[in-house]
Amino acid sequence: MEKMINLTINNLPVTVEEGTTILQAARQLNIRIPTLCNHEDLCVAGNCRVCVVEQVGMRTLQASCATPVRENMQILTNSMQVRQARKTIIELLLSEHNADCTKCYKNGKCELQDLANEYRTGNQVYIDLVPLKHYTIDQSSPSILKDDSKCIRCQRCVRTCAELQAVSALSAAYKGSEMKISSFYERPMHEVVCTNCGQCINRCPTGALIEKNYIDEVWDAIYNPTKHVVVQTAPAVRVALGEELGFEPGARVTGKLVAALRRLGFDSVLDTDFTADLTIMEEGTELLTRLKKVLVDGDKNTALPMFTSCSPGWIKFIEHTFPELLPNLSTCKSPQQMFGALAKTWYAQKKGINPKDMVSVSIMPCTAKKFEATRPEMRDSGYQDVDYVLTTRELAIMIKQAGIEFMKLEDEDYDSFMGESTGAAVIFGATGGVMEAALRTAYEIVTGREVPFTNLNITPVRGMEGVREATIKVENVKPEWSFLEGAEVKVAVAHGLANAKQLMTAIRDGKAQYHFVEIMACPGGCLGGGGQPIPTSPAIRQKRAEAIYAEDEGLPIRKSHENPEIVQIYREFLSEPLGHRSHELLHTHYKPRKRY
């Protein structure tokens with residue numbers, strides 16, 4: 001039984017568990033203590049000192065986020081000493097901060113700006129140090145822009161990169177007034193081990209880290225009468241976009257999303273879920289082929305377990321960190337890149353459009369997708385398959401710029417051809433979703449029956465635990481799959497690269513054995529991606545996940561192989577000649593990268 005601690009905060013009694021911080025205890029009394037370095041996803045830091053409080057009987061103020069409660073503590077969160085200390089700290093931060101707020105991408109959504117307004121720090125008490133600091137702006141990455149002039153050194157990004165993602169592309173360099181957040185030996189971001197996942201952006205309280213913005217380029221394409229602009233939307237966007245436009249977290253806005261895109265001027269509004277279904281067909285076939293080679297042919301060169309390849313942040317992570325396991329990676333492209341390749345081949349052919357006159361745009365929950373689109377491997381259509389990637393946040397900006405009253409829009413449906421999808425594709429947006437979708441199809445292909453779970457919901461692979469495992473027993477198989485009779489297919493799911501590293505290390509060292517492994521770079525999967533609305537928290541990610549699964553259960557078709565447009569594309573396009581076209585457009589290979 002947990003020991004309980006009694007204390008008072010602003011003369012109000014409260015009882016909390018031992019180990020609770022003063023900050024957490026205050027929240028139980030609905031007392032807000034401001035902070036710039038604390039985040040629900042990250043360990044305690046106490047770097048910014050904005051959260052200081054007064055403990056009666058002590059001369060020095062305490063950082064409430066880093067101080068555990070003690071019996072009979074008397075805490076004051078709003079004394080004159082506390083208010084003056086906070087104001088001084090905020091003013092000191094502002095003296096080193098490039099306060100071009102009206103031009104800043106984070107204007108109106110900056111935590112430092114909010115505190116400056118709250119504490120009315122209008123007087124220039126401290127000298128403006130910005131001109132003396134020689135700040136740099138790193139624009140080398142296709143995904144992330146790093147502006148040192150707006151950094152307050154809270155180190156949320158450092159802790160995110162090290163703890164949450166096990167990457168450590170960013171670190172605190174130098175000391176005292178010279179301290180800065182730096183990439184490895186101050187190399188440009190595009191040269192270091194950065195996976196472009198954007199989790200640092202989602203936790204940065206200011207505009208020091210933002211996504212590379214392609215809004216103007218997309219507007220230019222829409223306004224160009226010689227261009228046919230195709231847009232695709234990822235599954236996780238439809239359960240998060242509403243947060244930027246007046247809805248509560250977890251609202252499902254699929255129909256309004258489609259209507260808004262049409263009003264923005266996109267010529268074709270299509271769905272990444274279509275190629276998520278296609279990914280399942282290709283990836284499921286690849287898994288069954290690998291199992292046959294190993295179990296029947298005894299092929300020792302075929303690598304198991306097979307890893308999913310949908311998450312570009314995960315792909316770059318394995319290239320840097322576990323290059324020896326690259327043969328285990330599925331050769332399937334991600335749904336975004338499959339879509340891009342097909343848009344400029346099959347879709348262009350169906351619509352009579354010259355692919356050189358087509359601009360392919362994707363709306364993604366992920367900043368790493370911006371990097372993925374620029375990879376040299378992604379040009380199998382004869383052009384760059386995806387021209388521009390916008391985050392969920394960028395799309396919300398465009399909708400606001402266009403004066404669209406999003407909440408009042410009537411629902412609309414995606415266009416035909418690459419607009420039809422299933423519930424299996426929607427759940428790609430949640431951790432475990434790719435695994436669940438693949439198992440729904442693979443099990444039915446092998447046995448002729450649906451997976452033996454209630455209402456197709458494979459609950460063992462669902463949830464927010466960092467690493468999850470499941471075993472599916474295969475029985476009464478079709479004759480052509482007799483080698484799998486009685487087999488126990490072992491699968492694993494991990495989300496967040498720190499959890500991925502733990503799982504990959506166990507696999508590499510022979511301490512864990514599986515047949516199929518799903519890994520997503522971001523916490524919660526794509527629904528917690530680096531391009532999703534801010535703030536993010538465990539509770540918000542859970543609401544988005546619930547919305548994803550509700551969307552799945554509400555669709556008439558919930559298995560990828562039953563999507564009529566998938567059947568059509570194989571019949572008309574991908575099966576000829578002899579499936580080579582499928583291999584050329586939908587599959588790829590990756591190479592090891594240096595680890596700076």
# chains A, B, ... in the order shown; residues from 1 in each chain; ligands from 1
call {"tool": "residues_around", "arguments": {"residues": "Ala498 of chain A", "least_positions_apart": "2", "cutoff": "9 Å", "atoms": "only C-alpha atoms", "output": "NGL selection string"}}
result
:A and (162-167 or 466 or 495-496 or 500-503 or 521)
call {"tool": "residues_around", "arguments": {"residues": "Tyr126 of chain A", "least_positions_apart": "6", "cutoff": "8 Å", "atoms": "only C-alpha atoms", "output": "ChimeraX atom specification"}}
result
/A:91-92,95
call {"tool": "select_by_dssp", "arguments": {"residues": "segment 230-294 of chain A", "states": "helix (DSSP H, G or I)", "output": "MDAnalysis selection string"}}
result
chainID A and resid 235:239 241:244 254:264 272:294
call {"tool": "select_by_dssp", "arguments": {"residues": "segment 166-259 of chain A", "states": "strand (DSSP E or B)", "output": "list in words"}}
result
Leu170, Ser171, Ala172, Ala173, Lys180, Ile181, Ser182, Ser183, Leu209, Ile210, Glu211, His228, Val229, Val230, Val231, Gln232 and Thr233 of chain A
call {"tool": "write_last_selection", "arguments": {"atoms": "C-alpha atoms", "output": "short mmCIF file (atom, residue, chain, number, x, y, z; two decimals), in the first residue's frame"}}
result
data_model
loop_
_atom_site.label_atom_id
_atom_site.label_comp_id
_atom_site.auth_asym_id
_atom_site.auth_seq_id
_atom_site.Cartn_x
_atom_site.Cartn_y
_atom_site.Cartn_z
CA LEU A 170 20.51 16.75 -29.87
CA SER A 171 22.45 17.55 -26.71
CA ALA A 172 23.24 20.44 -24.38
CA ALA A 173 26.66 21.84 -25.35
CA LYS A 180 23.21 25.90 -26.42
CA ILE A 181 21.27 22.95 -27.80
CA SER A 182 23.45 21.40 -30.47
CA SER A 183 23.46 18.49 -32.88
CA LEU A 209 12.08 23.69 -33.46
CA ILE A 210 9.35 23.66 -36.11
CA GLU A 211 8.50 21.59 -39.17
CA HIS A 228 -3.42 18.77 -61.68
CA VAL A 229 -2.93 18.68 -57.90
CA VAL A 230 -3.68 15.37 -56.20
CA VAL A 231 -3.89 15.15 -52.41
CA GLN A 232 -3.82 12.07 -50.18
CA THR A 233 -4.69 12.01 -46.46
#
call {"tool": "residues_around", "arguments": {"residues": "Glu217 of chain A", "least_positions_apart": "5", "cutoff": "12 Å", "atoms": "only C-alpha atoms", "output": "ChimeraX atom specification"}}
result
/A:212,222-224,229,359-361,387-390,394,398
call {"tool": "write_last_selection", "arguments": {"atoms": "N, CA and C atoms", "output": "PDB file, in the first residue's frame"}}
result
ATOM      1  N   LYS A 212       9.602  21.957 -41.305  1.00  0.00           N
ATOM      2  CA  LYS A 212       9.886  22.688 -42.536  1.00  0.00           C
ATOM      3  C   LYS A 212       8.563  22.877 -43.267  1.00  0.00           C
ATOM      4  N   ILE A 222      -1.642  24.815 -56.480  1.00  0.00           N
ATOM      5  CA  ILE A 222      -3.103  24.894 -56.622  1.00  0.00           C
ATOM      6  C   ILE A 222      -3.488  26.031 -57.576  1.00  0.00           C
ATOM      7  N   TYR A 223      -2.787  27.163 -57.480  1.00  0.00           N
ATOM      8  CA  TYR A 223      -3.116  28.320 -58.325  1.00  0.00           C
ATOM      9  C   TYR A 223      -2.659  28.149 -59.773  1.00  0.00           C
ATOM     10  N   ASN A 224      -1.760  27.190 -60.025  1.00  0.00           N
ATOM     11  CA  ASN A 224      -1.209  27.003 -61.364  1.00  0.00           C
ATOM     12  C   ASN A 224      -2.213  26.231 -62.231  1.00  0.00           C
ATOM     13  N   VAL A 229      -3.467  18.897 -59.244  1.00  0.00           N
ATOM     14  CA  VAL A 229      -2.934  18.682 -57.898  1.00  0.00           C
ATOM     15  C   VAL A 229      -3.757  17.603 -57.187  1.00  0.00           C
ATOM     16  N   VAL A 359       0.932  17.337 -59.643  1.00  0.00           N
ATOM     17  CA  VAL A 359       1.615  17.620 -58.377  1.00  0.00           C
ATOM     18  C   VAL A 359       0.959  16.760 -57.308  1.00  0.00           C
ATOM     19  N   SER A 360       1.766  15.951 -56.650  1.00  0.00           N
ATOM     20  CA  SER A 360       1.268  15.005 -55.646  1.00  0.00           C
ATOM     21  C   SER A 360       1.573  15.545 -54.251  1.00  0.00           C
ATOM     22  N   VAL A 361       0.507  15.778 -53.477  1.00  0.00           N
ATOM     23  CA  VAL A 361       0.630  16.333 -52.119  1.00  0.00           C
ATOM     24  C   VAL A 361       0.074  15.316 -51.130  1.00  0.00           C
ATOM     25  N   ASP A 387       5.466  15.067 -54.202  1.00  0.00           N
ATOM     26  CA  ASP A 387       6.146  16.352 -54.351  1.00  0.00           C
ATOM     27  C   ASP A 387       6.244  17.135 -53.049  1.00  0.00           C
ATOM     28  N   TYR A 388       5.134  17.201 -52.303  1.00  0.00           N
ATOM     29  CA  TYR A 388       5.109  17.992 -51.072  1.00  0.00           C
ATOM     30  C   TYR A 388       4.360  17.229 -49.982  1.00  0.00           C
ATOM     31  N   VAL A 389       4.883  17.328 -48.769  1.00  0.00           N
ATOM     32  CA  VAL A 389       4.227  16.736 -47.609  1.00  0.00           C
ATOM     33  C   VAL A 389       3.876  17.849 -46.633  1.00  0.00           C
ATOM     34  N   LEU A 390       2.598  17.922 -46.268  1.00  0.00           N
ATOM     35  CA  LEU A 390       2.139  18.859 -45.251  1.00  0.00           C
ATOM     36  C   LEU A 390       1.749  18.091 -43.995  1.00  0.00           C
ATOM     37  N   GLU A 394      -0.035  22.048 -40.664  1.00  0.00           N
ATOM     38  CA  GLU A 394       0.055  22.896 -41.851  1.00  0.00           C
ATOM     39  C   GLU A 394      -1.283  22.944 -42.592  1.00  0.00           C
ATOM     40  N   MET A 398      -3.727  26.227 -43.617  1.00  0.00           N
ATOM     41  CA  MET A 398      -4.296  26.508 -44.942  1.00  0.00           C
ATOM     42  C   MET A 398      -5.817  26.686 -44.868  1.00  0.00           C
TER      43      MET A 398
END
call {"tool": "residues_around", "arguments": {"residues": "Asn476 of chain A", "least_positions_apart": "3", "cutoff": "8 Å", "atoms": "only C-alpha atoms", "output": "PDB file with C-alpha atoms, in the first residue's frame"}}
result
ATOM      1  CA  THR A 447      -7.305 -20.710 -43.533  1.00  0.00           C
ATOM      2  CA  GLU A 485      -0.683 -26.314 -40.027  1.00  0.00           C
ATOM      3  CA  GLY A 486      -0.498 -26.038 -36.245  1.00  0.00           C
TER       4      GLY A 486
END
call {"tool": "atom_distance", "arguments": {"atom1": "atom CA of Glu584 of chain A", "atom2": "atom CA of Glu444 of chain A"}}
result
26.7 Å
call {"tool": "closest_residue", "arguments": {"among": "A:Val567, A:Val451, A:Met504, A:Val14", "to": "Leu326 of chain A", "atoms": "only C-alpha atoms"}}
result
A:Met504
call {"tool": "closest_residue", "arguments": {"among": "A:Arg544, A:Lys344, A:Arg440, A:Arg558", "to": "Val386 of chain A", "atoms": "only C-alpha atoms"}}
result
A:Lys344
call {"tool": "closest_residue", "arguments": {"among": "A:Asp552, A:Glu243, A:Glu186, A:Glu546", "to": "Asp273 of chain A", "atoms": "only C-alpha atoms"}}
result
A:Asp552
call {"tool": "atom_distance", "arguments": {"atom1": "atom CA of Thr392 of chain A", "atom2": "atom CA of Met435 of chain A"}}
result
24.1 Å
call {"tool": "closest_residue", "arguments": {"among": "A:Ile144, A:Ala545, A:Val517, A:Val426", "to": "Arg468 of chain A", "atoms": "only C-alpha atoms"}}
result
A:Val517
call {"tool": "closest_residue", "arguments": {"among": "A:Ala251, A:Leu456, A:Ile397, A:Val446", "to": "Gln542 of chain A", "atoms": "only C-alpha atoms"}}
result
A:Ala251
call {"tool": "atom_distance", "arguments": {"atom1": "atom CA of Ile363 of chain A", "atom2": "atom CA of Leu395 of chain A"}}
result
7.1 Å
